[in-house]
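*Asks:* Take this structure, written in structure tokens, and hold onto it; I'll ask about it next.
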Amino acid sequence: MKKNMCQSPRKYIIFNNLSPTFHTPNSALQLLFFSGSDTCPHLCHMLLKNMCSMCPRYCFMVFLLLCFCGISAQTTLSGTILTTRGDTVIGANVLLEGTYDGATSDVNGFFKFRSEEKGPQQLLVVYLGCDSLRQPVVLGNGDIRLALRLKESASSLQEVVISAGSFEAAGDRKRAVVLTPVDIALTASATADIAGAIATLPGATRNGESGQILVRGGAGYETRTFIDGLLVQNPYSSSVPNVPARNRFSPFLFKGTLFSTGGYSAEYGQALSSALILQTEDLAPKNNTGLSIMSVGGGLSRTRRWKNTSASLSGSYSNMAPYFALIPQRIEWIKAPQSGGLEAIVRHKTRKEGMFKFYGSANRSTMRMNYPDAFQPQQLHPLSLLADNLYGNASYRGEIKKWVLFAGLAYTWNRDSLASNLAQTKVQQSVQTRFTLSRPFGNDFRLKFGAEYLQGGYNEYFRDTDLSEFHVRRTEHYSAVFVESETFISRKLVARAGIRAEHSGLLQKANLAPRISAAWLLGSNEQIAMAFGQFYQNPEYDLLRRNTSLQFERATHYMVNYQRIRNGHTVRVEAYHKTYTNLVKTDPATYFSNNLGNGYARGVDVFFRDQKTIRNGDYWISYSFLDTKRDYRDFPEKAVPVFAARHNASLVYKHWFAHLNTAFGATYSFQSGRPYNDPNTGVFNGGRTPVYYDLSVNASYLTNLAGHFTILYVSATNILGFNQIYGYQFEGAPGADGRFESRAITPPSRHFLFIGLFVNFGQRYKQRETTKADVD
């Protein structure tokens, strides 16, 4: 492919179909895009989100998105985009002016999308480094095929030429993976959970007992979630130790999922290791009604679309009892998990092309089981959990005299009530407000700055069987400001520098965190990049029960990256080194804390993807090597933490069988043994679990039921029945023989099987509209 001289360094294009991001290997959810609407997933997320958040383990409402993905009478616009010199234009934005209908050109310069607009319209093609193109079109008289040419702008000939898929050369996206909602939904081992899909990426460690995202030797709390720039205090559904939780949010609420494995922008803070950055969808494309009937529950939703406004309301319910009656469980359930939720979404486009968004959800879940005693794991005690969660997020984005303004407000309230031979209730709430302003100055410089404020509260009540009790109340007033600039030093070199200042009212401490990154172009679609940054995070509230005179925990990141994307193949290798200081240590006798902990993590991540070799197929391979130790919490010495595995690998594959109207996918996962502390050996964290293996598959069959678009979906995890062990829980005292007995920590069941039927009323599936391009 010729070098495209009209690419601009100021915006590195994100290719959903090119990147080393993990396009799902499987299933009919990919067919969401067969309808031709790039915004279709916005409709699909509503039912999915509620069911995902209701049950901490099994509510796989990923499939609900299928209910919204029908095919209606629309005009299809497609074509190719070249420069006037004949070079392929990759990543151009193509859209109908005044609408949200559009697409992005792929590796061959090809674009395709559908629109319900009628009559004369203006097709706008925008690509930084080229002059914008407006092409008149008339919609409603049949499909339109175009061959478009862009003229290079004069300034572009002096700029850096980088086209790096989903990695941005001068910022966090250079080291991040952009996941589409379908990617997350169709990763066979993920069962539509955002955290489950990210576990297949290089740099992430699989943690089946918690279900959380663990990155490059970091604990679960070191990865933070941001929705439209606002920090989410409780991103996971409530659960109990060793029963995995799920991410509360449907992947189809978002345009894309940006996963940074470190070195991220100064715009974000309070995350030692990683940031999961989620941007929500805009207007829903049309009216819609969806129904789902599943082996774990059901849901119903309704979406209305007006000219500049859309509104959605959905409800869902799950009850795992019928499923547990058919499939053997390792947990002794007294009352199987049940959950219910409501969700409301409003989007409004203002007259000045601004966008207002509101999202709100309410969920309640319950469960009751016989749970192992903390010091005598062979003995079981009744344990119940009642959890309630409220979340709201409102934001506005618009332009004010060449400045792009973002302003947002978020509210979270979460209550977890545990009852056993003890009683514990935790209530956590927060209100956060945030704004940013950004604009380019010429072709070589971009500036962004902003500020945020968060008021948080934590209230814990605990009572033991001996009637001893305590009550803890903590209030946080957190504020931060940041400024960041991006500069194009030459045609091959671009750099980003930023600084973030934070203050915690609870800790009565402040910090200053510099961030620097840069990229150097080696050749067409080939580059190297580096990043450095310091990152701070408040100690968790649990560690502030007795002592609030603590400091921020701190991590310093160093990384270097090589990437090449060419001819349908992607290769990416990244080496990193991370140091920890001021980690919280706790005294097991007094429970008082200090900041004397420290640690390190270093390793190499490798990714390879092939979209060309196998017809109608797509696969990728990821591998991570991790060397890490830390001394924190109640560790007696520096050691490898129990959540860290030295080797992680995943193979993901998807295939579309057109003659069967069926999509198939599979994910194979490998993880070397993780540490555990065996008191019988005298070596802290010296034990190693067996190697972890998993093979998960799914399939989707597309058809029409009574004239309505219908999908039958089947998914199964660990189909080979591997014995998966996450660790061991030991007795608090030795037995008569002087040895400490133990219990293996395993998944709640050896397999999970899901079957769902999803109906989209008023839409029909047309086989002729399904193409190889749609599958890719």
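A note on labels: chains of the structure tokens are A, B, ... as shown, every chain counts residues from 1, and ligands are counted from 1 in their shown order.
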Could you pull out all residues of range 138-330 of chain A with a DSSP call of strand (DSSP E) and give them as an NGL selection string?

*Replies:* :A and (138-139 or 144-150 or 176-179 or 204-205 or 214-215 or 223-227 or 230-232 or 254-260 or 274-280 or 288-294 or 297-305 or 309-319)

*Asks:* Taking 6 positions as the minimum chain separation for residues in the same chain, which residues sit within 9 Å of Gln122 in chain A when counting only C-alpha atoms? Answer as a list in words.

*Replies:* Leu95, Leu96, Glu97, Gly98, Arg134, Gln135, Pro136, Val137 and Val138 of chain A

*Asks:* The selected residues should be written to file as a short mmCIF file (atom, residue, chain, number, x, y, z; two decimals), in the first residue's frame (atoms: C-alpha atoms).

*Replies:*
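Output file selection.cif follows:
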data_model
loop_
_atom_site.label_atom_id
_atom_site.label_comp_id
_atom_site.auth_asym_id
_atom_site.auth_seq_id
_atom_site.Cartn_x
_atom_site.Cartn_y
_atom_site.Cartn_z
CA LEU A 95 -21.24 10.85 7.47
CA LEU A 96 -24.44 12.53 6.36
CA GLU A 97 -24.36 16.13 7.53
CA GLY A 98 -26.83 16.89 10.31
CA ARG A 134 -18.93 17.34 0.46
CA GLN A 135 -20.73 15.10 -2.03
CA PRO A 136 -24.46 15.66 -2.83
CA VAL A 137 -26.53 12.46 -2.72
CA VAL A 138 -30.23 11.67 -3.05
#

*Asks:* Step one, run DSSP on the backbone; step two, keep only residues of range 182-405 of chain A assigned to helix (DSSP H, G or I); then write them as a ChimeraX atom specification.

*Replies:* /A:182-186,194-198,220-222,251-253,321-326

*Asks:* For Ser593 in chain A, which of A:Tyr323, A:Phe607, A:Phe643, A:Tyr541 is the closest residue, counting only C-alpha atoms?

*Replies:*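 Distance minimum relative to Ser593 in chain A lands on A:Tyr541.
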
*Asks:* Which residues are near Lys629 in chain A? Cut-off 8 Å, only C-alpha atoms, ignore same chain within fewer than 5 positions. Put them as a PDB file with all heavy atoms, in the first residue's frame.

*Replies:*
ATOM      1  N   GLY A 599       6.986  -2.266  45.866  1.00  0.00           N
ATOM      2  CA  GLY A 599       6.980  -3.411  44.968  1.00  0.00           C
ATOM      3  C   GLY A 599       7.378  -3.013  43.558  1.00  0.00           C
ATOM      4  O   GLY A 599       7.703  -1.854  43.282  1.00  0.00           O
ATOM      5  N   TYR A 600       7.345  -3.997  42.659  1.00  0.00           N
ATOM      6  CA  TYR A 600       7.666  -3.744  41.254  1.00  0.00           C
ATOM      7  C   TYR A 600       6.900  -4.739  40.392  1.00  0.00           C
ATOM      8  O   TYR A 600       6.444  -5.798  40.842  1.00  0.00           O
ATOM      9  CB  TYR A 600       9.175  -3.880  40.994  1.00  0.00           C
ATOM     10  CG  TYR A 600       9.683  -5.305  41.072  1.00  0.00           C
ATOM     11  CD1 TYR A 600       9.645  -6.145  39.962  1.00  0.00           C
ATOM     12  CD2 TYR A 600      10.179  -5.823  42.265  1.00  0.00           C
ATOM     13  CE1 TYR A 600      10.094  -7.463  40.042  1.00  0.00           C
ATOM     14  CE2 TYR A 600      10.627  -7.134  42.355  1.00  0.00           C
ATOM     15  CZ  TYR A 600      10.588  -7.943  41.231  1.00  0.00           C
ATOM     16  OH  TYR A 600      11.022  -9.248  41.311  1.00  0.00           O
ATOM     17  N   ALA A 601       6.758  -4.392  39.117  1.00  0.00           N
ATOM     18  CA  ALA A 601       6.207  -5.302  38.104  1.00  0.00           C
ATOM     19  C   ALA A 601       6.885  -4.975  36.785  1.00  0.00           C
ATOM     20  O   ALA A 601       7.029  -3.800  36.426  1.00  0.00           O
ATOM     21  CB  ALA A 601       4.697  -5.146  37.984  1.00  0.00           C
ATOM     22  N   LYS A 638       8.543  -9.336  51.051  1.00  0.00           N
ATOM     23  CA  LYS A 638       8.223  -9.104  49.647  1.00  0.00           C
ATOM     24  C   LYS A 638       8.025 -10.447  48.951  1.00  0.00           C
ATOM     25  O   LYS A 638       8.857 -11.344  49.064  1.00  0.00           O
ATOM     26  CB  LYS A 638       9.328  -8.302  48.965  1.00  0.00           C
ATOM     27  CG  LYS A 638       9.011  -7.914  47.518  1.00  0.00           C
ATOM     28  CD  LYS A 638      10.077  -7.026  46.916  1.00  0.00           C
ATOM     29  CE  LYS A 638      10.024  -5.637  47.531  1.00  0.00           C
ATOM     30  NZ  LYS A 638      10.943  -4.696  46.825  1.00  0.00           N
ATOM     31  N   ALA A 639       6.915 -10.581  48.211  1.00  0.00           N
ATOM     32  CA  ALA A 639       6.588 -11.859  47.574  1.00  0.00           C
ATOM     33  C   ALA A 639       5.685 -11.609  46.374  1.00  0.00           C
ATOM     34  O   ALA A 639       5.126 -10.517  46.196  1.00  0.00           O
ATOM     35  CB  ALA A 639       5.898 -12.789  48.576  1.00  0.00           C
ATOM     36  N   VAL A 640       5.537 -12.639  45.544  1.00  0.00           N
ATOM     37  CA  VAL A 640       4.604 -12.575  44.424  1.00  0.00           C
ATOM     38  C   VAL A 640       3.182 -12.635  44.986  1.00  0.00           C
ATOM     39  O   VAL A 640       2.856 -13.555  45.732  1.00  0.00           O
ATOM     40  CB  VAL A 640       4.832 -13.741  43.440  1.00  0.00           C
ATOM     41  CG1 VAL A 640       3.872 -13.639  42.252  1.00  0.00           C
ATOM     42  CG2 VAL A 640       6.277 -13.757  42.950  1.00  0.00           C
ATOM     43  N   PRO A 641       2.311 -11.686  44.666  1.00  0.00           N
ATOM     44  CA  PRO A 641       0.942 -11.717  45.212  1.00  0.00           C
ATOM     45  C   PRO A 641       0.131 -12.857  44.604  1.00  0.00           C
ATOM     46  O   PRO A 641       0.430 -13.339  43.503  1.00  0.00           O
ATOM     47  CB  PRO A 641       0.370 -10.355  44.819  1.00  0.00           C
ATOM     48  CG  PRO A 641       1.191  -9.917  43.646  1.00  0.00           C
ATOM     49  CD  PRO A 641       2.560 -10.488  43.844  1.00  0.00           C
TER      50      PRO A 641
END

*Asks:* Within 8 Å of range 416-433 of chain A, counting only C-alpha atoms, which residues show up once you throw out same-chain ones fewer than 4 positions away? Write them as a PyMOL selection string, please.

*Replies:* chain A and resi 230-231+233+238+381-388+407-412+452-465

*Asks:* Fewer than 6 positions away in the same chain doesn't count, so skip those; otherwise give me all residues within 8 Å of Ser273 in chain A, counting only C-alpha atoms, as a VMD selection string.

*Replies:* chain A and resid 215 to 216 218 222 to 223 261 to 262 535 555

*Asks:* Put those residues in a file: C-alpha atoms, as a PDB file, in the first residue's frame.

*Replies:*
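Heads up, here's the output in again-v5.pdb:
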ATOM      1  CA  VAL A 215      -3.316  -5.502  34.987  1.00  0.00           C
ATOM      2  CA  ARG A 216       0.454  -6.013  34.928  1.00  0.00           C
ATOM      3  CA  GLY A 218      -1.628  -4.741  39.938  1.00  0.00           C
ATOM      4  CA  GLU A 222      -5.691  -0.431  40.881  1.00  0.00           C
ATOM      5  CA  THR A 223      -7.822  -0.454  37.708  1.00  0.00           C
ATOM      6  CA  THR A 261      -2.521  -0.907  30.386  1.00  0.00           C
ATOM      7  CA  GLY A 262      -0.590   2.038  31.785  1.00  0.00           C
ATOM      8  CA  PHE A 535       0.132   7.759  39.184  1.00  0.00           C
ATOM      9  CA  ALA A 555       3.176   3.863  40.929  1.00  0.00           C
TER      10      ALA A 555
END

*Asks:* Take CA of Gly498 in chain A and CA of Arg515 in chain A and report the distance between them in Å, one decimal.

*Replies:*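 Distance between the two atoms: 5.1 Å.
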
*Asks:* Please identify all polymer residues within 7 Å of range 391-401 of chain A, counting only C-alpha atoms, omitting same-chain residues fewer than 2 positions from it, and present them as an mmCIF file with C-alpha atoms, in the first residue's frame.

*Replies:*
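Dumped to selection.cif:
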data_model
loop_
_atom_site.group_PDB
_atom_site.id
_atom_site.type_symbol
_atom_site.label_atom_id
_atom_site.label_comp_id
_atom_site.auth_asym_id
_atom_site.auth_seq_id
_atom_site.Cartn_x
_atom_site.Cartn_y
_atom_site.Cartn_z
ATOM 1 C CA GLU A 353 -24.717 20.527 17.505
ATOM 2 C CA GLY A 354 -24.016 19.895 21.169
ATOM 3 C CA MET A 355 -25.038 16.647 22.863
ATOM 4 C CA PHE A 356 -26.715 16.196 26.248
ATOM 5 C CA LYS A 357 -26.745 12.699 27.758
ATOM 6 C CA PHE A 358 -28.400 11.163 30.785
ATOM 7 C CA TYR A 359 -28.127 7.604 32.024
ATOM 8 C CA GLY A 360 -29.689 6.201 35.193
ATOM 9 C CA SER A 361 -30.028 2.714 36.649
ATOM 10 C CA ALA A 362 -31.365 1.011 39.769
ATOM 11 C CA ASN A 389 -27.172 0.162 43.670
ATOM 12 C CA TRP A 403 -13.103 25.411 22.187
ATOM 13 C CA VAL A 404 -14.686 22.007 22.812
ATOM 14 C CA LEU A 405 -16.414 22.032 26.212
ATOM 15 C CA PHE A 406 -17.275 18.956 28.245
ATOM 16 C CA ALA A 407 -19.178 19.175 31.540
ATOM 17 C CA GLY A 408 -20.420 16.199 33.534
ATOM 18 C CA LEU A 409 -22.077 15.176 36.800
ATOM 19 C CA ALA A 410 -22.280 11.650 38.262
ATOM 20 C CA TYR A 411 -23.914 10.158 41.370
ATOM 21 C CA THR A 412 -23.427 6.719 42.936
ATOM 22 C CA TRP A 413 -25.106 5.079 45.935
#
